[in-house]
Every structure is written in C-alpha cells, then in structure tokens.
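Below: one structure, written as structure tokens.
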Amino acid sequence: MIKNRPRQPLNALLAAMTTLPLLIGCPSTGEPSTVNSPAPTNSPAPANSPTSTPERISAIDFPEQPFPIPGWFAVGTKPKPEGIAEYPFSPTNPDAEIAIFSDEWSEVPSGAALIALTAAGQKQEVQFRRSAEEPYGCDDIPTPMATFSASKPMSEGGFWLLPASAANSAKAIPLEDLPLDELPTNLLPPEKRQATEARAWQAGNSIILLAKETEKEAKLSIFNNSEEIFSTGVEVLGIEGSYDEPLDFSLPFQPGIPTPIGVFQFDSASQVAIALWHPSFEGHHFEVVASNQEKMELFNVRYVYYCAF
C-alpha cells in the first residue's frame, strides 16, 4: 500500500474515469498478456473441484509463472461496492480476498494453497477458490479471474502470490511518496521540483520518478542508490475535441500515466519486481518491471475493461 497519499471515495474515482469518453477496447476484449501461457497439468482433480487432498494439491502444476522471478501478480478485492476504496481497480467480491485477472487457472483444484505477499509486507496463506467469469466494473461485466480466499480480511492494492517453496525468501519493500525536495540533486533539476512537473516514490534503496518532458509526455525512471537502472516514456492519453489535458502530476491520476502499487524482492537484492497500474478511459492496465538477467525489463500483465462512457 502506498503511504502518505489521501484515499479517494470510490464514487469520486469512478466518476473521474467514467466522465471521459470512450477510447479503449470493448467489454469482450482487452490487451492480452505478452508472456502468459498455460502450463500442462498432471493433476487428476477436475477444475474447481470442491475438495482436494493434500497429495493432489502438492502435485498440482499451477499456471506458468510469467516473469523471470517467481510468482504471479494479483490484486486485492473489496467486499462490497459501497464505501471508501483504496484503488479504483479493486474487484468487488464478498467471497474472495484476492484476484488474478486471468483465464489460465481452470485446471487448478479448489483449495490449492499459495502464499500471498502484500505490498505492505504481510504474508498469509490463501486458498484457490475458482477460475470463472466474475462480475467487474460499473456494469458487472463478466471478467475472467482466478480468485483466492483467506482466513482473515486483506488489504486492497497490489499482491504477489508465491508457492510456499519461494515464499520464505520473498519480501515487500514499503513504498512511500517521496517529497521532491528530498530527491538527490542529480536526479531532478530544481526548476522541475514542482507538484505539477514531477512525482517520486521511494522503496528502500530504490527511487521511482515520473518527470514531465513535454505537455503530454513524461519519463518514468527507476534508480537504485541514485543509479538509473530502468527508464521508459509514458504519455497522457487524450481524445481530440473531448479530453485534451496536459500532464499534471498534482492530480490523483491521469489516463495513461502509471502509478507504482507494490515493490517486491525475492532471493537476492537484484531480484525485484515493481508493479505498475495505468488508469485508462475505459479500464485498467497493469505492468511489472522485473529483474531479467541482471537488468530491468517491462512486462505487460493485463488490460481489463471497467466502464464505458
């Protein structure tokens, strides 16, 4: 969970998204993951069977882990649509605490256990519930999800799900808003240290920086001990004649501009994953920047439709 950032009421966040005109996709489509592919399974248990013996669970082949580090990216749910939401992308599900936007879990038996690692660093065992089309978004559009239940409520935001064998060495690095005047002097010039021009976060020795370059474009950079280890360009989305706003990092979010929602570390300091959320006009796009052979690489996770204008 990102600290030092005011929470927004769900209706206000959704209103901000749904007042923008139609741009991306339709309810039945989304951006497919570029790396996810189902793995064969040797489990004799039928999909979504109500019970699974420990032997069956231990022998199950989960879907292929899509990153060069172990595990799967997931998001926390909220139990009901009313009330305050931490993030506007959170699925509503009274029966599940965690969801993966995926249709690749149909062969996993109900009850199979994984370890959930929250962005704040808590670990808890969760049980696979089912792979199904769950209602999502303002119109409850059926959306493929793998859902998981836990023995106690969990937070919203980004999660990392891990097999038990990989969970002991994994941890989350707390992610905090970093005031611009606390940035090292070599990372951002003084004239850009304004709330509209840049935004920064810190997670341990890592700094994530968004800095405006043009009226529409910015650079997303990741630094480790002030050394740049990853960068990519980002751009605010627009619709000519309908939505044509300049970049403004003082706003809670803008379509197309990413926000980090979790930083996770694995069996060495070089093995990390930074989860990014991009709001869009109609939905939400998730990406992960992860270590790949001693360099950081951007992986597309999923685009999910949320609401049309």
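By order in the structure tokens, chains are A, B, ...; within a chain, residues start at 1; ligands start at 1, following the order shown.
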Using only C-alpha atoms, what does the table of region 74-170 of chain A residues within 9 Å of region 297-304 of chain A look like, with each row giving the shortest atom pair and its distance in Å to one decimal, sorted by chain and ascending number, as a tab-separated table?
```
residue	atom	partner	partner_atom	distance
A:Phe101	CA	A:Arg302	CA	7.1
A:Ser102	CA	A:Arg302	CA	8.2
A:Thr143	CA	A:Val304	CA	8.0
```
Considering only C-alpha atoms, return as an MDAnalysis selection string whatever protein or nucleic-acid residues lie within 7 Å of Leu114 (chain A), sequence-local ones (same chain, fewer than 4 positions apart) excluded. chainID A and resid 125:127 161:164
Determine which residues of region 67-308 of chain A receive a DSSP assignment of strand (DSSP E or B), computed from the backbone, and state them as number ranges by chain. A: 72-76, 78, 84-85, 92, 98-100, 113-118, 123-136, 141-150, 158-162, 171-172, 176-177, 198-203, 206-212, 217-224, 227-235, 239, 243, 259-265, 272-279, 283-291, 296-305
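Checking A:Glu64, A:Glu235, A:Glu191, A:Asp267 one by one against Leu210 (chain A), counting only C-alpha atoms, you find the shortest gap at A:Glu235.
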Need the shell around Gly233 (chain A): protein/DNA/RNA residues with any atom at most 9 Å away, counting only C-alpha atoms. Skip same-chain ones fewer than 4 positions apart. Format as a PyMOL selection string? chain A and resi 217-221
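You can rank A:Glu134, A:Glu156, A:Glu104, A:Asp61 by their closest distance to Ala85 (chain A) using only C-alpha atoms, and at the top of that list sits A:Glu156.
DSSP, applied to the backbone of this structure, assigns alpha helix (DSSP H) to the following residues of region 85-230 of chain A: Ala164, Ser165, Ala166 and Ala167 of chain A.
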Write to file, as a compact mmCIF listing (two decimals), in the first residue's frame, the residues of the selection just made, with C-alpha atoms.
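Saved result, out.txt, follows:
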```txt
# COMPACT_ATOMS: atom_id res chain seq x y z
CA ALA A 164 5.37 -21.95 -0.42
CA SER A 165 8.84 -23.03 -1.57
CA ALA A 166 9.61 -19.49 -2.78
CA ALA A 167 7.81 -17.51 -0.09
```
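Of the listed residues A:Glu97, A:Asp244, A:Asp177, A:Asp140, the one whose atoms come nearest to Ala203 (chain A) is A:Asp177, with distances taken using only C-alpha atoms.
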Residues within 7 Å of Ala200 (chain A), please, as a count of residues only. Count only C-alpha atoms; anything in the same chain fewer than 5 positions from it doesn't count. 8
Just how far from CA of Ile69 (chain A) is CA of Ser206 (chain A), in Å to one decimal? 17.9 Å
Would you list the contacts of Asn292 (chain A) as a PyMOL selection string, taking every protein, DNA or RNA residue within 10 Å and counting only C-alpha atoms, but skipping same-chain residues closer than 6 positions in sequence? chain A and resi 67-69+270-273+298
Asn93 (chain A) environment, 9 Å, only C-alpha atoms, sequence neighbours closer than 4 positions dropped, as an MDAnalysis selection string: chainID A and resid 77:81 97:98 134:135
All residues 8 Å or closer to Gln254 (chain A), only C-alpha atoms, same chain fewer than 2 positions away omitted, as number ranges by chain: A: 236-237, 247-248, 251-252, 256-257, 279-280
Top pick for closest residue to Phe89 (chain A), considering A:Glu197, A:Glu227, A:Glu282, A:Asp181 and counting only C-alpha atoms: A:Glu282
